[in-house]
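S.K.: My questions will all concern the structure given below.
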Amino acid sequence: MGKEEEYQETETESNSSDDEEDEEPERWKKHYSSKHRMLLVGEGDFSFSVSLARAFGSACNLVSTTVDTQDNIAKKYSNGVRNVRELEEKGGLVFYGVDAKEMRDHFFLRTQRFDRIVYNFPHVGFLFPEASYCQIQLNKSLIKGYLSNAKVLLKQDKGEIHVTHKEGDPYDKWDLVKKAEKIGLGLHEIVPFFRGDYPGYENKRAHGSQSDAPFPLGDSSTYKFKPNHSSKFK
Ligand SMILES: C[S@@+](CC[C@H](N)C(=O)[O-])C[C@H]1O[C@@H](n2cnc3c(N)ncnc32)[C@H](O)[C@@H]1O
């Protein structure tokens, strides 16, 4: 072996051991891992994303989105701007104006595939009384649009789409599981959701003069879907 080859080989070996040393240990927060490439949809003040970023010690694998403009985030939420800054400082990406019903065509998202796509408490806003037919139809259409778009952006073999949702009437009338199955997503698991599992997370009403206020969670669950045909609820 000549001197140059010897040198190259040593370099390669030392690079690979550096890589191993630099590798961050995997960290978990409930169902989410710091190694998951995650898309957060319909964020309010971005406090859910921040909670994960703090638990992981990094936001490098997080892409956090809102349908709001940047201006609106500042107007609606007392901590919105601060949360966005923290995410960006921790290496996360934040996008404004991302509609869950069209996100598969988003200039950046369409180039990406995710391990977990998460939308907590989807809701179109309080346009009609919560239990009215019109309001339920609008929320059903949001859910359907989110699920079908998320399916396209998911890593095919191992990805999961999550929806955290209130239980009981009128939320049961949204037919979340049936909608998912029609789109070709099987229900994998339903897990009770507790806000306290995500320190710093503040669930936001996100609409009207009370945007920054929380709403009562009552009994809520995270529904996990996978793109296969093994739904338990056929
Ligand atoms: C009840 S709030 C929940 C906010 C946040 N996920 C949380 O847990 O605090 C419902 C959210 O859905 C968002 N939203 C409504 N329509 C949307 C759409 N078409 N695409 C994306 N987000 C939407 C609202 O902007 C709002 O942030």
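Note on naming: chains are A, B, ... as they come in the structure tokens, residues start from 1 per chain, ligands start from 1 in the order shown.
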Report as a PyMOL selection string which protein, DNA and RNA residues come within 10 Å of ligand 1, using only C-alpha atoms and all ligand atoms.
M.R.: chain A and resi 40-49+65-69+72-73+96-103+118-126+138-139+141-143+145-146+163-165+195+201-207+211-215+217
S.K.: Could you save those same residues with C-alpha atoms as an mmCIF file, in the first residue's frame?
M.R.:
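Saved the output as out_11.cif:
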```cif
data_model
loop_
_atom_site.group_PDB
_atom_site.id
_atom_site.type_symbol
_atom_site.label_atom_id
_atom_site.label_comp_id
_atom_site.auth_asym_id
_atom_site.auth_seq_id
_atom_site.Cartn_x
_atom_site.Cartn_y
_atom_site.Cartn_z
ATOM 1 C CA LEU A 40 -46.897 18.960 12.478
ATOM 2 C CA VAL A 41 -50.073 20.253 10.842
ATOM 3 C CA GLY A 42 -52.566 22.901 11.998
ATOM 4 C CA GLU A 43 -50.400 24.123 14.838
ATOM 5 C CA GLY A 44 -51.852 26.866 17.042
ATOM 6 C CA ASP A 45 -49.118 28.762 18.894
ATOM 7 C CA PHE A 46 -46.530 26.051 18.026
ATOM 8 C CA SER A 47 -46.283 25.001 21.677
ATOM 9 C CA PHE A 48 -46.796 21.311 20.822
ATOM 10 C CA SER A 49 -43.822 21.415 18.450
ATOM 11 C CA THR A 65 -46.892 24.266 9.935
ATOM 12 C CA THR A 66 -49.859 26.553 10.365
ATOM 13 C CA VAL A 67 -52.559 27.725 7.991
ATOM 14 C CA ASP A 68 -52.132 31.214 9.498
ATOM 15 C CA THR A 69 -49.879 33.949 8.157
ATOM 16 C CA ASN A 72 -51.577 36.377 12.381
ATOM 17 C CA ILE A 73 -49.438 34.179 14.604
ATOM 18 C CA TYR A 96 -47.021 29.533 7.292
ATOM 19 C CA GLY A 97 -50.104 29.383 5.086
ATOM 20 C CA VAL A 98 -50.098 25.582 4.860
ATOM 21 C CA ASP A 99 -53.601 24.276 4.212
ATOM 22 C CA ALA A 100 -53.993 20.687 5.433
ATOM 23 C CA LYS A 101 -56.352 20.046 2.513
ATOM 24 C CA GLU A 102 -53.749 20.994 -0.101
ATOM 25 C CA MET A 103 -50.427 20.374 1.601
ATOM 26 C CA VAL A 118 -49.632 14.851 13.358
ATOM 27 C CA TYR A 119 -52.653 17.129 13.598
ATOM 28 C CA ASN A 120 -53.923 17.859 17.103
ATOM 29 C CA PHE A 121 -57.552 18.899 17.407
ATOM 30 C CA PRO A 122 -58.424 19.664 13.804
ATOM 31 C CA HIS A 123 -61.228 22.211 13.644
ATOM 32 C CA VAL A 124 -62.329 24.725 11.018
ATOM 33 C CA GLY A 125 -63.292 27.397 13.531
ATOM 34 C CA PHE A 126 -66.583 28.282 15.117
ATOM 35 C CA LEU A 138 -67.041 21.400 7.445
ATOM 36 C CA ASN A 139 -64.997 19.583 10.070
ATOM 37 C CA SER A 141 -64.234 17.842 5.058
ATOM 38 C CA LEU A 142 -61.131 19.170 6.867
ATOM 39 C CA ILE A 143 -60.392 15.714 8.292
ATOM 40 C CA GLY A 145 -58.587 16.590 3.201
ATOM 41 C CA TYR A 146 -55.919 16.237 5.892
ATOM 42 C CA VAL A 163 -55.169 12.799 14.735
ATOM 43 C CA THR A 164 -55.829 13.864 18.298
ATOM 44 C CA HIS A 165 -59.542 14.326 18.720
ATOM 45 C CA ARG A 195 -51.983 17.342 27.749
ATOM 46 C CA TYR A 201 -48.111 22.456 25.236
ATOM 47 C CA GLU A 202 -51.084 24.817 25.317
ATOM 48 C CA ASN A 203 -54.076 23.764 23.271
ATOM 49 C CA LYS A 204 -55.541 26.835 21.595
ATOM 50 C CA ARG A 205 -59.045 27.738 20.434
ATOM 51 C CA ALA A 206 -57.260 29.495 17.546
ATOM 52 C CA HIS A 207 -60.358 31.367 16.329
ATOM 53 C CA SER A 211 -57.760 32.627 19.907
ATOM 54 C CA ASP A 212 -55.145 32.464 22.646
ATOM 55 C CA ALA A 213 -57.459 30.753 25.155
ATOM 56 C CA PRO A 214 -57.469 27.005 25.777
ATOM 57 C CA PHE A 215 -60.536 24.857 25.131
ATOM 58 C CA LEU A 217 -60.129 18.777 26.305
#
```
S.K.: Give me the residues within 7 Å of range 188-194 of chain A as a PyMOL selection string, counting only C-alpha atoms and dropping any in the same chain fewer than 5 places off.
M.R.: chain A and resi 220-226+231
S.K.: What are the closest atom pairs, with distances in Å to one decimal, for all residues of range 142-186 of chain A lying within 10 Å of range 128-137 of chain A? Consider only C-alpha atoms, order rows by chain and residue number, and present the result as CSV.
M.R.:
```
residue,atom,partner,partner_atom,distance
A:Leu142,CA,A:Gln137,CA,8.7
A:Ile143,CA,A:Gln137,CA,9.9
A:Asp169,CA,A:Ala131,CA,7.8
A:Pro170,CA,A:Ala131,CA,5.4
A:Tyr171,CA,A:Ile136,CA,8.1
A:Asp172,CA,A:Ile136,CA,9.9
A:Lys173,CA,A:Ile136,CA,7.2
A:Trp174,CA,A:Ile136,CA,6.3
A:Asp175,CA,A:Ile136,CA,9.9
```
S.K.: Run DSSP on the backbone and give me the residues of range 24-201 of chain A it puts in strand (DSSP E), as an MDAnalysis selection string.
M.R.: chainID A and resid 28:29 32:33 38:41 62:65 93:95 116:120 160:166 186:192
S.K.: Using N, CA and C atoms, can you write the selected residues to a file as a short mmCIF file (atom, residue, chain, number, x, y, z; two decimals), in the first residue's frame?
M.R.:
```
data_model
loop_
_atom_site.label_atom_id
_atom_site.label_comp_id
_atom_site.auth_asym_id
_atom_site.auth_seq_id
_atom_site.Cartn_x
_atom_site.Cartn_y
_atom_site.Cartn_z
N TRP A 28 -37.22 9.73 23.26
CA TRP A 28 -38.65 9.51 23.00
C TRP A 28 -39.50 10.44 23.84
N LYS A 29 -40.61 10.88 23.28
CA LYS A 29 -41.68 11.56 24.02
C LYS A 29 -42.98 10.88 23.59
N TYR A 32 -43.46 9.55 20.04
CA TYR A 32 -42.63 10.27 19.08
C TYR A 32 -41.15 10.17 19.43
N SER A 33 -40.32 9.94 18.41
CA SER A 33 -38.89 9.79 18.62
C SER A 33 -38.14 10.94 17.95
N MET A 38 -40.79 14.38 11.35
CA MET A 38 -42.18 14.66 11.72
C MET A 38 -42.73 15.91 11.05
N LEU A 39 -43.98 15.81 10.61
CA LEU A 39 -44.71 16.97 10.09
C LEU A 39 -45.86 17.28 11.05
N LEU A 40 -45.83 18.50 11.58
CA LEU A 40 -46.90 18.96 12.48
C LEU A 40 -47.82 19.87 11.68
N VAL A 41 -49.10 19.55 11.68
CA VAL A 41 -50.07 20.25 10.84
C VAL A 41 -51.07 21.00 11.73
N LEU A 62 -38.12 18.24 12.83
CA LEU A 62 -39.50 18.73 12.88
C LEU A 62 -39.77 19.74 11.77
N VAL A 63 -40.89 19.55 11.09
CA VAL A 63 -41.40 20.55 10.15
C VAL A 63 -42.77 20.95 10.69
N SER A 64 -42.88 22.19 11.18
CA SER A 64 -44.09 22.63 11.88
C SER A 64 -44.83 23.63 11.01
N THR A 65 -46.13 23.44 10.87
CA THR A 65 -46.89 24.27 9.94
C THR A 65 -48.17 24.82 10.56
N LEU A 93 -37.95 23.59 11.02
CA LEU A 93 -38.49 24.39 9.91
C LEU A 93 -39.92 24.76 10.24
N VAL A 94 -40.29 26.01 9.96
CA VAL A 94 -41.65 26.50 10.21
C VAL A 94 -42.19 27.07 8.90
N PHE A 95 -43.39 26.64 8.54
CA PHE A 95 -44.05 27.17 7.34
C PHE A 95 -45.42 27.71 7.69
N ARG A 116 -43.92 10.47 10.79
CA ARG A 116 -45.13 10.79 11.56
C ARG A 116 -45.69 12.12 11.07
N ILE A 117 -47.00 12.12 10.81
CA ILE A 117 -47.70 13.36 10.46
C ILE A 117 -48.80 13.53 11.50
N VAL A 118 -48.81 14.68 12.15
CA VAL A 118 -49.63 14.85 13.36
C VAL A 118 -50.48 16.11 13.26
N TYR A 119 -51.76 15.96 13.53
CA TYR A 119 -52.65 17.13 13.60
C TYR A 119 -53.45 16.99 14.90
N ASN A 120 -53.20 17.89 15.83
CA ASN A 120 -53.92 17.86 17.10
C ASN A 120 -55.15 18.76 17.03
N GLU A 160 -46.84 6.79 10.07
CA GLU A 160 -48.15 6.83 10.74
C GLU A 160 -48.71 8.25 10.66
N ILE A 161 -50.03 8.31 10.50
CA ILE A 161 -50.74 9.60 10.53
C ILE A 161 -51.52 9.64 11.84
N HIS A 162 -51.34 10.72 12.59
CA HIS A 162 -52.04 10.84 13.88
C HIS A 162 -53.04 11.99 13.86
N VAL A 163 -54.17 11.75 14.50
CA VAL A 163 -55.17 12.80 14.74
C VAL A 163 -55.54 12.73 16.20
N THR A 164 -55.35 13.82 16.91
CA THR A 164 -55.83 13.86 18.30
C THR A 164 -57.16 14.60 18.29
N HIS A 165 -58.14 13.99 18.98
CA HIS A 165 -59.54 14.33 18.72
C HIS A 165 -60.32 14.19 20.03
N LYS A 166 -61.30 15.06 20.21
CA LYS A 166 -62.15 14.93 21.39
C LYS A 166 -63.14 13.78 21.18
N GLY A 186 -55.71 2.35 7.55
CA GLY A 186 -56.24 1.47 8.59
C GLY A 186 -55.98 2.03 9.97
N LEU A 187 -56.93 1.81 10.87
CA LEU A 187 -56.72 2.25 12.26
C LEU A 187 -55.74 1.29 12.92
N HIS A 188 -54.67 1.85 13.44
CA HIS A 188 -53.63 1.03 14.07
C HIS A 188 -53.85 0.99 15.59
N GLU A 189 -54.17 2.13 16.17
CA GLU A 189 -54.29 2.20 17.63
C GLU A 189 -55.02 3.47 18.04
N ILE A 190 -55.74 3.41 19.18
CA ILE A 190 -56.30 4.63 19.78
C ILE A 190 -55.73 4.73 21.19
N VAL A 191 -55.12 5.86 21.51
CA VAL A 191 -54.44 6.03 22.80
C VAL A 191 -55.00 7.27 23.49
N PRO A 192 -55.39 7.16 24.77
CA PRO A 192 -55.89 8.36 25.46
C PRO A 192 -54.83 9.47 25.42
#
```
S.K.: Rank nothing, just name the residue among A:Asn61, A:Gln70, A:Gln156, A:Asn149 nearest to Arg85 in chain A, using only C-alpha atoms.
M.R.: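 Nearest to Arg85 in chain A: A:Gln70.
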S.K.: Between A:Val81, A:Ala55, A:Ala74, A:Leu147, which one has atoms that come closest to Arg104 in chain A, using only C-alpha atoms?
M.R.: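 Counting only C-alpha atoms, the residue closest to Arg104 in chain A is A:Leu147.
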